[in-house]
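K.L.:
This one is query.pdb, PDB, C-alpha atoms.
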ATOM      1  CA  MET A   1    -125.836  64.578-124.466  1.00  0.00           C
ATOM      2  CA  ARG A   2    -128.090  61.597-123.680  1.00  0.00           C
ATOM      3  CA  ARG A   3    -125.538  59.059-124.967  1.00  0.00           C
ATOM      4  CA  VAL A   4    -122.737  60.566-122.869  1.00  0.00           C
ATOM      5  CA  LEU A   5    -124.775  60.431-119.683  1.00  0.00           C
ATOM      6  CA  VAL A   6    -125.712  56.781-120.219  1.00  0.00           C
ATOM      7  CA  ASN A   7    -122.063  55.848-120.786  1.00  0.00           C
ATOM      8  CA  CYS A   8    -121.088  57.587-117.561  1.00  0.00           C
ATOM      9  CA  ALA A   9    -123.766  55.761-115.626  1.00  0.00           C
ATOM     10  CA  ILE A  10    -122.692  52.297-116.741  1.00  0.00           C
ATOM     11  CA  GLY A  11    -118.944  52.815-117.219  1.00  0.00           C
ATOM     12  CA  SER A  12    -116.025  52.137-114.940  1.00  0.00           C
ATOM     13  CA  VAL A  13    -115.366  54.039-111.720  1.00  0.00           C
ATOM     14  CA  ALA A  14    -112.554  55.963-113.421  1.00  0.00           C
ATOM     15  CA  ALA A  15    -114.845  56.873-116.307  1.00  0.00           C
ATOM     16  CA  MET A  16    -117.539  58.098-113.965  1.00  0.00           C
ATOM     17  CA  PHE A  17    -115.149  60.385-112.096  1.00  0.00           C
ATOM     18  CA  PHE A  18    -113.779  61.655-115.419  1.00  0.00           C
ATOM     19  CA  CYS A  19    -117.268  62.472-116.632  1.00  0.00           C
ATOM     20  CA  ALA A  20    -118.284  64.133-113.384  1.00  0.00           C
ATOM     21  CA  ARG A  21    -115.123  66.238-113.327  1.00  0.00           C
ATOM     22  CA  SER A  22    -115.541  67.252-116.968  1.00  0.00           C
ATOM     23  CA  PHE A  23    -119.120  68.344-116.445  1.00  0.00           C
ATOM     24  CA  ALA A  24    -118.313  70.193-113.199  1.00  0.00           C
ATOM     25  CA  GLN A  25    -115.471  72.140-114.808  1.00  0.00           C
ATOM     26  CA  ASN A  26    -117.874  73.543-117.383  1.00  0.00           C
ATOM     27  CA  ALA A  27    -120.639  74.281-114.883  1.00  0.00           C
ATOM     28  CA  ASP A  28    -120.304  78.043-115.172  1.00  0.00           C
ATOM     29  CA  SER A  29    -121.066  77.964-118.880  1.00  0.00           C
ATOM     30  CA  GLU A  30    -123.693  75.197-118.792  1.00  0.00           C
ATOM     31  CA  SER A  31    -127.375  75.446-118.007  1.00  0.00           C
ATOM     32  CA  SER A  32    -128.818  74.608-114.596  1.00  0.00           C
ATOM     33  CA  ALA A  33    -130.398  71.508-116.132  1.00  0.00           C
ATOM     34  CA  ARG A  34    -127.013  70.089-117.121  1.00  0.00           C
ATOM     35  CA  GLN A  35    -125.577  70.847-113.663  1.00  0.00           C
ATOM     36  CA  SER A  36    -128.486  68.973-112.165  1.00  0.00           C
ATOM     37  CA  GLN A  37    -127.608  65.963-114.345  1.00  0.00           C
ATOM     38  CA  VAL A  38    -124.009  66.101-113.122  1.00  0.00           C
ATOM     39  CA  ASP A  39    -125.168  66.193-109.502  1.00  0.00           C
ATOM     40  CA  ASN A  40    -127.388  63.186-110.114  1.00  0.00           C
ATOM     41  CA  ILE A  41    -124.511  61.199-111.641  1.00  0.00           C
ATOM     42  CA  VAL A  42    -122.277  61.835-108.639  1.00  0.00           C
ATOM     43  CA  ALA A  43    -125.067  61.251-106.109  1.00  0.00           C
ATOM     44  CA  ASN A  44    -126.154  57.993-107.750  1.00  0.00           C
ATOM     45  CA  TYR A  45    -122.571  56.775-107.873  1.00  0.00           C
ATOM     46  CA  TYR A  46    -121.918  57.293-104.179  1.00  0.00           C
ATOM     47  CA  THR A  47    -125.284  55.802-103.306  1.00  0.00           C
ATOM     48  CA  SER A  48    -124.440  52.665-105.299  1.00  0.00           C
ATOM     49  CA  ILE A  49    -121.056  52.034-103.645  1.00  0.00           C
ATOM     50  CA  GLY A  50    -121.967  53.257-100.158  1.00  0.00           C
ATOM     51  CA  ASP A  51    -119.200  52.561 -97.646  1.00  0.00           C
ATOM     52  CA  GLN A  52    -116.686  51.892-100.423  1.00  0.00           C
ATOM     53  CA  SER A  53    -116.607  55.561-101.416  1.00  0.00           C
ATOM     54  CA  ARG A  54    -113.132  57.080-101.831  1.00  0.00           C
ATOM     55  CA  LEU A  55    -114.051  59.426 -99.010  1.00  0.00           C
ATOM     56  CA  TYR A  56    -113.971  56.578 -96.507  1.00  0.00           C
ATOM     57  CA  ASN A  57    -110.474  55.248 -97.178  1.00  0.00           C
ATOM     58  CA  GLY A  58    -108.805  56.324 -93.943  1.00  0.00           C
ATOM     59  CA  PRO A  59    -108.210  54.204 -90.839  1.00  0.00           C
ATOM     60  CA  GLU A  60    -111.049  53.285 -88.515  1.00  0.00           C
ATOM     61  CA  TYR A  61    -111.397  55.873 -85.765  1.00  0.00           C
ATOM     62  CA  SER A  62    -110.972  54.722 -82.172  1.00  0.00           C
ATOM     63  CA  PHE A  63    -112.926  56.657 -79.591  1.00  0.00           C
ATOM     64  CA  TYR A  64    -111.223  57.624 -76.335  1.00  0.00           C
ATOM     65  CA  PRO A  65    -111.580  55.562 -73.146  1.00  0.00           C
ATOM     66  CA  LYS A  66    -114.422  56.766 -70.930  1.00  0.00           C
ATOM     67  CA  MET A  67    -111.986  57.171 -68.042  1.00  0.00           C
ATOM     68  CA  ILE A  68    -110.552  60.278 -69.751  1.00  0.00           C
ATOM     69  CA  LYS A  69    -112.530  63.312 -68.612  1.00  0.00           C
ATOM     70  CA  GLY A  70    -113.652  66.119 -70.877  1.00  0.00           C
ATOM     71  CA  ILE A  71    -114.531  66.253 -74.571  1.00  0.00           C
ATOM     72  CA  PRO A  72    -111.862  66.479 -77.319  1.00  0.00           C
ATOM     73  CA  TYR A  73    -114.221  67.650 -80.095  1.00  0.00           C
ATOM     74  CA  PHE A  74    -114.930  71.087 -81.535  1.00  0.00           C
ATOM     75  CA  THR A  75    -117.689  72.958 -79.638  1.00  0.00           C
ATOM     76  CA  ASP A  76    -117.418  70.293 -76.900  1.00  0.00           C
ATOM     77  CA  THR A  77    -120.071  68.253 -78.676  1.00  0.00           C
ATOM     78  CA  PRO A  78    -119.458  64.476 -78.532  1.00  0.00           C
ATOM     79  CA  GLY A  79    -121.978  63.506 -81.226  1.00  0.00           C
ATOM     80  CA  PHE A  80    -121.869  63.666 -85.013  1.00  0.00           C
ATOM     81  CA  THR A  81    -123.388  66.600 -86.883  1.00  0.00           C
ATOM     82  CA  ASN A  82    -124.009  67.527 -90.519  1.00  0.00           C
ATOM     83  CA  GLY A  83    -121.019  69.012 -92.291  1.00  0.00           C
ATOM     84  CA  ASP A  84    -119.300  69.437 -95.659  1.00  0.00           C
ATOM     85  CA  VAL A  85    -115.828  68.234 -96.648  1.00  0.00           C
ATOM     86  CA  GLU A  86    -113.556  68.938 -99.600  1.00  0.00           C
ATOM     87  CA  TYR A  87    -111.452  65.792-100.002  1.00  0.00           C
ATOM     88  CA  ASP A  88    -109.061  65.029-102.886  1.00  0.00           C
ATOM     89  CA  GLY A  89    -110.617  67.934-104.771  1.00  0.00           C
ATOM     90  CA  PHE A  90    -114.195  66.660-104.429  1.00  0.00           C
ATOM     91  CA  LYS A  91    -116.876  68.388-102.354  1.00  0.00           C
ATOM     92  CA  TYR A  92    -119.099  66.176-100.157  1.00  0.00           C
ATOM     93  CA  SER A  93    -122.148  67.690 -98.487  1.00  0.00           C
ATOM     94  CA  ASN A  94    -124.451  66.797 -95.591  1.00  0.00           C
ATOM     95  CA  LEU A  95    -122.162  64.191 -94.057  1.00  0.00           C
ATOM     96  CA  GLN A  96    -122.071  63.071 -90.442  1.00  0.00           C
ATOM     97  CA  MET A  97    -118.807  64.305 -88.961  1.00  0.00           C
ATOM     98  CA  MET A  98    -116.860  65.555 -85.942  1.00  0.00           C
ATOM     99  CA  TYR A  99    -113.593  67.482 -85.579  1.00  0.00           C
ATOM    100  CA  ASP A 100    -111.132  65.974 -83.101  1.00  0.00           C
ATOM    101  CA  LEU A 101    -109.189  68.917 -81.659  1.00  0.00           C
ATOM    102  CA  TYR A 102    -106.647  66.719 -79.880  1.00  0.00           C
ATOM    103  CA  LYS A 103    -105.601  64.753 -82.958  1.00  0.00           C
ATOM    104  CA  GLY A 104    -106.390  67.584 -85.382  1.00  0.00           C
ATOM    105  CA  SER A 105    -108.389  65.217 -87.576  1.00  0.00           C
ATOM    106  CA  VAL A 106    -111.804  65.028 -89.229  1.00  0.00           C
ATOM    107  CA  VAL A 107    -113.912  62.029 -88.234  1.00  0.00           C
ATOM    108  CA  MET A 108    -116.685  60.707 -90.493  1.00  0.00           C
ATOM    109  CA  GLN A 109    -119.416  58.201 -89.738  1.00  0.00           C
ATOM    110  CA  LEU A 110    -120.038  55.568 -92.420  1.00  0.00           C
ATOM    111  CA  PRO A 111    -123.488  55.782 -94.038  1.00  0.00           C
ATOM    112  CA  SER A 112    -124.248  52.359 -92.561  1.00  0.00           C
ATOM    113  CA  LYS A 113    -123.187  53.654 -89.102  1.00  0.00           C
ATOM    114  CA  ALA A 114    -121.190  50.448 -88.743  1.00  0.00           C
ATOM    115  CA  ALA A 115    -117.977  52.336 -87.984  1.00  0.00           C
ATOM    116  CA  SER A 116    -116.301  55.738 -88.004  1.00  0.00           C
ATOM    117  CA  ILE A 117    -113.367  56.726 -90.196  1.00  0.00           C
ATOM    118  CA  GLU A 118    -110.546  59.194 -89.561  1.00  0.00           C
ATOM    119  CA  LEU A 119    -109.953  61.060 -92.811  1.00  0.00           C
ATOM    120  CA  ILE A 120    -106.359  61.342 -94.016  1.00  0.00           C
ATOM    121  CA  SER A 121    -105.631  64.930 -93.012  1.00  0.00           C
ATOM    122  CA  ASP A 122    -103.294  65.944 -95.832  1.00  0.00           C
ATOM    123  CA  ARG A 123    -105.995  64.952 -98.342  1.00  0.00           C
ATOM    124  CA  VAL A 124    -108.601  67.201 -96.709  1.00  0.00           C
ATOM    125  CA  GLN A 125    -108.519  70.642 -98.309  1.00  0.00           C
ATOM    126  CA  ALA A 126    -111.300  72.155 -96.192  1.00  0.00           C
ATOM    127  CA  PHE A 127    -114.411  71.360 -94.190  1.00  0.00           C
ATOM    128  CA  ASP A 128    -117.406  73.182 -92.727  1.00  0.00           C
ATOM    129  CA  ILE A 129    -118.916  72.356 -89.359  1.00  0.00           C
ATOM    130  CA  TYR A 130    -121.146  74.284 -86.940  1.00  0.00           C
ATOM    131  CA  GLY A 131    -121.019  77.319 -89.222  1.00  0.00           C
ATOM    132  CA  HIS A 132    -117.199  77.444 -89.198  1.00  0.00           C
ATOM    133  CA  HIS A 133    -114.975  77.027 -92.253  1.00  0.00           C
ATOM    134  CA  PHE A 134    -111.693  75.195 -91.650  1.00  0.00           C
ATOM    135  CA  PHE A 135    -108.987  74.967 -94.295  1.00  0.00           C
ATOM    136  CA  ARG A 136    -105.723  73.060 -94.318  1.00  0.00           C
ATOM    137  CA  MET A 137    -102.447  74.928 -94.434  1.00  0.00           C
ATOM    138  CA  ASP A 138     -99.008  73.446 -94.986  1.00  0.00           C
ATOM    139  CA  GLU A 139     -96.213  74.468 -92.649  1.00  0.00           C
ATOM    140  CA  LEU A 140     -95.455  78.135 -93.235  1.00  0.00           C
ATOM    141  CA  ASN A 141     -92.183  79.847 -92.315  1.00  0.00           C
ATOM    142  CA  GLN A 142     -92.064  83.639 -92.633  1.00  0.00           C
ATOM    143  CA  THR A 143     -89.073  85.925 -92.315  1.00  0.00           C
ATOM    144  CA  ASN A 144     -91.027  88.903 -90.955  1.00  0.00           C
ATOM    145  CA  GLY A 145     -94.138  87.140 -89.714  1.00  0.00           C
ATOM    146  CA  GLN A 146     -95.347  84.286 -87.541  1.00  0.00           C
ATOM    147  CA  ASN A 147     -94.365  80.723 -88.417  1.00  0.00           C
ATOM    148  CA  LEU A 148     -97.422  78.489 -88.686  1.00  0.00           C
ATOM    149  CA  ALA A 149     -97.541  74.724 -88.180  1.00  0.00           C
ATOM    150  CA  ALA A 150     -99.233  72.473 -90.724  1.00  0.00           C
ATOM    151  CA  GLY A 151    -102.852  71.779 -89.839  1.00  0.00           C
ATOM    152  CA  PHE A 152    -106.424  73.044 -89.984  1.00  0.00           C
ATOM    153  CA  TYR A 153    -107.247  76.693 -89.387  1.00  0.00           C
ATOM    154  CA  ASP A 154    -110.652  78.231 -88.711  1.00  0.00           C
ATOM    155  CA  ARG A 155    -111.115  81.152 -91.124  1.00  0.00           C
ATOM    156  CA  MET A 156    -113.132  83.657 -89.121  1.00  0.00           C
ATOM    157  CA  TYR A 157    -112.887  86.586 -91.535  1.00  0.00           C
ATOM    158  CA  ALA A 158    -111.557  86.980 -95.063  1.00  0.00           C
ATOM    159  CA  GLY A 159    -111.323  90.435 -96.581  1.00  0.00           C
ATOM    160  CA  LYS A 160    -108.335  92.615 -97.291  1.00  0.00           C
ATOM    161  CA  THR A 161    -107.259  91.413 -93.869  1.00  0.00           C
ATOM    162  CA  GLU A 162    -107.657  87.759 -92.875  1.00  0.00           C
ATOM    163  CA  PHE A 163    -108.378  86.408 -89.396  1.00  0.00           C
ATOM    164  CA  ILE A 164    -107.723  82.724 -88.686  1.00  0.00           C
ATOM    165  CA  ILE A 165    -107.571  80.575 -85.554  1.00  0.00           C
ATOM    166  CA  SER A 166    -105.684  77.380 -84.816  1.00  0.00           C
ATOM    167  CA  ARG A 167    -107.890  75.377 -82.434  1.00  0.00           C
ATOM    168  CA  ARG A 168    -106.398  72.503 -80.435  1.00  0.00           C
ATOM    169  CA  LYS A 169    -106.918  70.603 -77.198  1.00  0.00           C
ATOM    170  CA  THR A 170    -104.291  68.910 -75.082  1.00  0.00           C
ATOM    171  CA  LEU A 171    -104.428  65.776 -72.931  1.00  0.00           C
ATOM    172  CA  GLU A 172    -103.373  66.578 -69.376  1.00  0.00           C
ATOM    173  CA  THR A 173    -102.814  64.619 -66.176  1.00  0.00           C
ATOM    174  CA  SER A 174    -104.180  65.945 -62.891  1.00  0.00           C
ATOM    175  CA  ASN A 175    -101.909  66.677 -59.929  1.00  0.00           C
ATOM    176  CA  THR A 176    -104.033  64.543 -57.631  1.00  0.00           C
ATOM    177  CA  ALA A 177    -103.084  61.099 -56.373  1.00  0.00           C
ATOM    178  CA  SER A 178    -105.402  59.509 -58.938  1.00  0.00           C
ATOM    179  CA  LEU A 179    -103.360  60.980 -61.836  1.00  0.00           C
ATOM    180  CA  GLU A 180    -106.631  61.385 -63.730  1.00  0.00           C
ATOM    181  CA  LYS A 181    -106.317  62.245 -67.419  1.00  0.00           C
ATOM    182  CA  TYR A 182    -108.495  64.938 -68.959  1.00  0.00           C
ATOM    183  CA  PHE A 183    -108.805  67.044 -72.086  1.00  0.00           C
ATOM    184  CA  ALA A 184    -107.953  70.657 -71.285  1.00  0.00           C
ATOM    185  CA  ASP A 185    -109.860  73.646 -72.626  1.00  0.00           C
ATOM    186  CA  GLU A 186    -109.130  74.738 -76.162  1.00  0.00           C
ATOM    187  CA  SER A 187    -105.671  76.174 -76.726  1.00  0.00           C
ATOM    188  CA  ASP A 188    -106.514  78.660 -79.477  1.00  0.00           C
ATOM    189  CA  LYS A 189    -103.934  80.703 -81.336  1.00  0.00           C
ATOM    190  CA  MET A 190    -105.147  83.699 -83.343  1.00  0.00           C
ATOM    191  CA  TYR A 191    -103.483  85.183 -86.404  1.00  0.00           C
ATOM    192  CA  LEU A 192    -104.016  88.159 -88.686  1.00  0.00           C
ATOM    193  CA  LYS A 193    -102.820  88.217 -92.253  1.00  0.00           C
ATOM    194  CA  VAL A 194    -101.849  91.786 -93.138  1.00  0.00           C
ATOM    195  CA  ASN A 195     -99.887  92.758 -96.232  1.00  0.00           C
ATOM    196  CA  GLY A 196     -99.264  89.109 -97.048  1.00  0.00           C
ATOM    197  CA  LEU A 197     -97.860  88.146 -93.629  1.00  0.00           C
ATOM    198  CA  TYR A 198     -99.466  86.264 -90.735  1.00  0.00           C
ATOM    199  CA  LYS A 199     -98.959  87.796 -87.296  1.00  0.00           C
ATOM    200  CA  GLY A 200    -100.015  86.212 -84.018  1.00  0.00           C
ATOM    201  CA  PHE A 201    -101.897  88.056 -81.262  1.00  0.00           C
ATOM    202  CA  GLY A 202    -103.794  87.185 -78.119  1.00  0.00           C
ATOM    203  CA  SER A 203    -105.278  90.399 -76.768  1.00  0.00           C
ATOM    204  CA  LYS A 204    -107.051  93.600 -77.778  1.00  0.00           C
ATOM    205  CA  ASN A 205    -103.886  95.659 -77.412  1.00  0.00           C
ATOM    206  CA  ALA A 206    -101.841  93.204 -79.478  1.00  0.00           C
ATOM    207  CA  LEU A 207    -104.500  93.342 -82.192  1.00  0.00           C
ATOM    208  CA  ILE A 208    -104.404  97.135 -82.283  1.00  0.00           C
ATOM    209  CA  ASP A 209    -100.597  97.090 -82.401  1.00  0.00           C
ATOM    210  CA  ILE A 210    -100.722  95.000 -85.573  1.00  0.00           C
ATOM    211  CA  LEU A 211    -103.174  97.489 -87.098  1.00  0.00           C
ATOM    212  CA  ALA A 212    -101.229 100.456 -85.730  1.00  0.00           C
ATOM    213  CA  ASP A 213    -101.750 102.648 -88.806  1.00  0.00           C
ATOM    214  CA  LYS A 214    -105.380 103.097 -87.682  1.00  0.00           C
ATOM    215  CA  LYS A 215    -104.845 102.841 -83.933  1.00  0.00           C
ATOM    216  CA  ALA A 216    -106.786 105.968 -82.962  1.00  0.00           C
ATOM    217  CA  GLU A 217    -109.762 105.105 -85.169  1.00  0.00           C
ATOM    218  CA  LEU A 218    -109.896 101.524 -83.891  1.00  0.00           C
ATOM    219  CA  LYS A 219    -109.761 102.559 -80.230  1.00  0.00           C
ATOM    220  CA  LYS A 220    -112.669 104.938 -80.800  1.00  0.00           C
ATOM    221  CA  PHE A 221    -114.617 102.226 -82.671  1.00  0.00           C
ATOM    222  CA  ILE A 222    -114.103  99.752 -79.828  1.00  0.00           C
ATOM    223  CA  LYS A 223    -115.214 102.301 -77.241  1.00  0.00           C
ATOM    224  CA  ASP A 224    -118.211 103.585 -79.215  1.00  0.00           C
ATOM    225  CA  ASN A 225    -119.457 100.034 -79.869  1.00  0.00           C
ATOM    226  CA  ARG A 226    -118.678  98.782 -76.357  1.00  0.00           C
ATOM    227  CA  LEU A 227    -116.893  95.716 -77.662  1.00  0.00           C
ATOM    228  CA  ASN A 228    -116.206  93.188 -74.934  1.00  0.00           C
ATOM    229  CA  PHE A 229    -113.009  91.257 -75.629  1.00  0.00           C
ATOM    230  CA  SER A 230    -113.301  89.309 -72.386  1.00  0.00           C
ATOM    231  CA  GLU A 231    -116.648  87.677 -73.094  1.00  0.00           C
ATOM    232  CA  GLU A 232    -116.846  87.879 -76.901  1.00  0.00           C
ATOM    233  CA  LYS A 233    -113.241  87.980 -78.060  1.00  0.00           C
ATOM    234  CA  GLU A 234    -113.574  86.344 -81.466  1.00  0.00           C
ATOM    235  CA  GLN A 235    -116.697  88.287 -82.465  1.00  0.00           C
ATOM    236  CA  SER A 236    -115.086  91.529 -81.302  1.00  0.00           C
ATOM    237  CA  VAL A 237    -111.944  90.819 -83.323  1.00  0.00           C
ATOM    238  CA  VAL A 238    -114.055  90.202 -86.442  1.00  0.00           C
ATOM    239  CA  LYS A 239    -115.863  93.535 -85.981  1.00  0.00           C
ATOM    240  CA  VAL A 240    -112.608  95.437 -85.493  1.00  0.00           C
ATOM    241  CA  ILE A 241    -110.997  93.895 -88.574  1.00  0.00           C
ATOM    242  CA  ALA A 242    -114.070  94.506 -90.725  1.00  0.00           C
ATOM    243  CA  TYR A 243    -114.017  98.163 -89.664  1.00  0.00           C
ATOM    244  CA  TYR A 244    -110.290  98.366 -90.315  1.00  0.00           C
ATOM    245  CA  ASP A 245    -110.788  97.064 -93.856  1.00  0.00           C
ATOM    246  CA  GLN A 246    -113.596  99.586 -94.340  1.00  0.00           C
ATOM    247  CA  ILE A 247    -111.464 102.595 -93.445  1.00  0.00           C
ATOM    248  CA  THR A 248    -108.264 101.395 -95.107  1.00  0.00           C
ATOM    249  CA  ASN A 249    -107.621 102.207 -98.751  1.00  0.00           C
TER     250      ASN A 249
END
What do you get writing this file as structure tokens?
P.N.:
Amino acid sequence: MRRVLVNCAIGSVAAMFFCARSFAQNADSESSARQSQVDNIVANYYTSIGDQSRLYNGPEYSFYPKMIKGIPYFTDTPGFTNGDVEYDGFKYSNLQMMYDLYKGSVVMQLPSKAASIELISDRVQAFDIYGHHFFRMDELNQTNGQNLAAGFYDRMYAGKTEFIISRRKTLETSNTASLEKYFADESDKMYLKVNGLYKGFGSKNALIDILADKKAELKKFIKDNRLNFSEEKEQSVVKVIAYYDQITN
């Protein structure tokens, strides 16, 4: 074991990734001590190469001109925050990142803070930010369901039924003489996956129609729990779906 670890530490980049992958694949059957050694190998590697990491191989990110009003980022927060990214099959934790809802892209800050990088979207499998888990989906065409565009989707609930949201912002121009540009509020599209098919909805009634086999029970649940779809739509949808899964065989 000791000889293998030393070879990984001083070998080529390819060898180091091969070693790290090999160890990680056997993590379930290995002791916690060995997993700790694997983590150290990967951590030491990325520390040694810094900004040259394979994670930072996208184009430099250009921030928007200050003359454009509004904020294009998820949660309307303009600064970087800690997040996790799965990129090219590797998981990276505690990174400084933002999610650009207009471009639909993940933005990372270099460890040196010298620049920001826009990750190549089709190489991002998933990312976590502000307690939300986004995953990438290829374009999906369904005969009896909703067609979905390629992009990142916020997985709000995953049980027998799945609830996901496509979150985007658009760049608009005001009707005033100044023709001022601004980022509009989020244009969210909600989908349920039931019996293998995604179906879009935008209201409480549309949600219940999709889950029509338990319509009476769901209406009573919503009333008894005083769910407010106007002020807390997403949280209310999650509660309804969780209850639906509970009462469905």
K.L.:
Within 8 Å of stretch 142-146 of chain A, which residues of stretch 186-236 of chain A show up? Give each one with its shortest atom-to-atom distance in Å (one decimal) and the two atoms involved, counting all atoms listed in the file, rows by chain then rising residue number, as JSON lines.
P.N.:
{"residue": "A:Leu197", "atom": "CA", "partner": "A:Gly145", "partner_atom": "CA", "distance": 5.5}
{"residue": "A:Tyr198", "atom": "CA", "partner": "A:Gly145", "partner_atom": "CA", "distance": 5.5}
{"residue": "A:Lys199", "atom": "CA", "partner": "A:Gln146", "partner_atom": "CA", "distance": 5.0}
{"residue": "A:Gly200", "atom": "CA", "partner": "A:Gln146", "partner_atom": "CA", "distance": 6.2}
K.L.:
Find the distance between atom CA of A:Gly202 and atom CA of A:Phe229 and write it in Å to one decimal.
P.N.:
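Distance between the two atoms: 10.4 Å.
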K.L.:
Hey, which of A:Asp154, A:Leu218, A:Ser105, A:Lys204 ends up closest to A:Ser230? Count only C-alpha atoms.
P.N.:
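Checking each of A:Asp154, A:Leu218, A:Ser105, A:Lys204 against A:Ser230, counting only C-alpha atoms, the winner is A:Lys204.
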K.L.:
Sorted by chain and rising residue number, list the residues of stretch 137-241 of chain A at most 8 Å from stretch 57-74 of chain A (counting all atoms listed in the file), each with its closest atom pair and distance in Å to one decimal, as CSV.
P.N.:
residue,atom,partner,partner_atom,distance
A:Lys169,CA,A:Pro72,CA,6.4
A:Glu180,CA,A:Ile68,CA,7.3
A:Lys181,CA,A:Ile68,CA,5.2
A:Tyr182,CA,A:Lys69,CA,4.4
A:Phe183,CA,A:Gly70,CA,5.1
A:Ala184,CA,A:Gly70,CA,7.3
K.L.:
Just say which residues the PyMOL selection byres ((chain A and resi 116) around 12) picks in this file, as JSON, numbers by chain.
P.N.:
{"A": [51, 55, 56, 57, 58, 59, 60, 61, 62, 63, 79, 80, 95, 96, 97, 98, 106, 107, 108, 109, 110, 111, 112, 113, 114, 115, 117, 118, 119]}
K.L.:
Please rebuild stretch 169-188 of chain A with N, CA and C atoms and return the result as an mmCIF file, in the frame of the given file.
P.N.:
data_model
loop_
_atom_site.group_PDB
_atom_site.id
_atom_site.type_symbol
_atom_site.label_atom_id
_atom_site.label_comp_id
_atom_site.auth_asym_id
_atom_site.auth_seq_id
_atom_site.Cartn_x
_atom_site.Cartn_y
_atom_site.Cartn_z
ATOM 1 N N LYS A 169 -106.776 70.990 -78.592
ATOM 2 C CA LYS A 169 -106.918 70.603 -77.198
ATOM 3 C C LYS A 169 -105.740 69.709 -76.822
ATOM 4 N N THR A 170 -105.385 69.738 -75.559
ATOM 5 C CA THR A 170 -104.291 68.910 -75.082
ATOM 6 C C THR A 170 -104.817 67.894 -74.066
ATOM 7 N N LEU A 171 -104.079 66.806 -73.907
ATOM 8 C CA LEU A 171 -104.428 65.776 -72.931
ATOM 9 C C LEU A 171 -103.524 65.962 -71.715
ATOM 10 N N GLU A 172 -104.134 66.271 -70.583
ATOM 11 C CA GLU A 172 -103.373 66.578 -69.376
ATOM 12 C C GLU A 172 -103.577 65.504 -68.319
ATOM 13 N N THR A 173 -102.702 65.519 -67.323
ATOM 14 C CA THR A 173 -102.814 64.619 -66.176
ATOM 15 C C THR A 173 -102.942 65.459 -64.920
ATOM 16 N N SER A 174 -103.937 65.160 -64.105
ATOM 17 C CA SER A 174 -104.180 65.945 -62.891
ATOM 18 C C SER A 174 -103.050 65.769 -61.884
ATOM 19 N N ASN A 175 -102.951 66.727 -60.955
ATOM 20 C CA ASN A 175 -101.909 66.677 -59.929
ATOM 21 C C ASN A 175 -102.350 65.876 -58.708
ATOM 22 N N THR A 176 -103.531 65.313 -58.761
ATOM 23 C CA THR A 176 -104.033 64.543 -57.631
ATOM 24 C C THR A 176 -103.408 63.147 -57.605
ATOM 25 N N ALA A 177 -103.654 62.437 -56.527
ATOM 26 C CA ALA A 177 -103.084 61.099 -56.373
ATOM 27 C C ALA A 177 -103.613 60.133 -57.425
ATOM 28 N N SER A 178 -104.802 60.411 -57.944
ATOM 29 C CA SER A 178 -105.402 59.509 -58.938
ATOM 30 C C SER A 178 -104.753 59.633 -60.310
ATOM 31 N N LEU A 179 -103.994 60.728 -60.543
ATOM 32 C CA LEU A 179 -103.360 60.980 -61.836
ATOM 33 C C LEU A 179 -104.382 60.858 -62.977
ATOM 34 N N GLU A 180 -105.532 61.441 -62.757
ATOM 35 C CA GLU A 180 -106.631 61.385 -63.730
ATOM 36 C C GLU A 180 -106.275 62.155 -64.995
ATOM 37 N N LYS A 181 -106.568 61.576 -66.144
ATOM 38 C CA LYS A 181 -106.317 62.245 -67.419
ATOM 39 C C LYS A 181 -107.570 62.990 -67.864
ATOM 40 N N TYR A 182 -107.357 64.136 -68.498
ATOM 41 C CA TYR A 182 -108.495 64.938 -68.959
ATOM 42 C C TYR A 182 -108.069 65.803 -70.148
ATOM 43 N N PHE A 183 -109.053 66.139 -70.968
ATOM 44 C CA PHE A 183 -108.805 67.044 -72.086
ATOM 45 C C PHE A 183 -108.966 68.477 -71.584
ATOM 46 N N ALA A 184 -107.919 69.275 -71.746
ATOM 47 C CA ALA A 184 -107.953 70.657 -71.285
ATOM 48 C C ALA A 184 -108.787 71.509 -72.239
ATOM 49 N N ASP A 185 -109.120 72.720 -71.779
ATOM 50 C CA ASP A 185 -109.860 73.646 -72.626
ATOM 51 C C ASP A 185 -109.070 73.946 -73.888
ATOM 52 N N GLU A 186 -109.783 74.446 -74.886
ATOM 53 C CA GLU A 186 -109.130 74.738 -76.162
ATOM 54 C C GLU A 186 -107.930 75.664 -75.987
ATOM 55 N N SER A 187 -106.861 75.329 -76.699
ATOM 56 C CA SER A 187 -105.671 76.174 -76.726
ATOM 57 C C SER A 187 -105.631 76.861 -78.089
ATOM 58 N N ASP A 188 -106.357 77.981 -78.193
ATOM 59 C CA ASP A 188 -106.514 78.660 -79.477
ATOM 60 C C ASP A 188 -105.383 79.663 -79.704
#
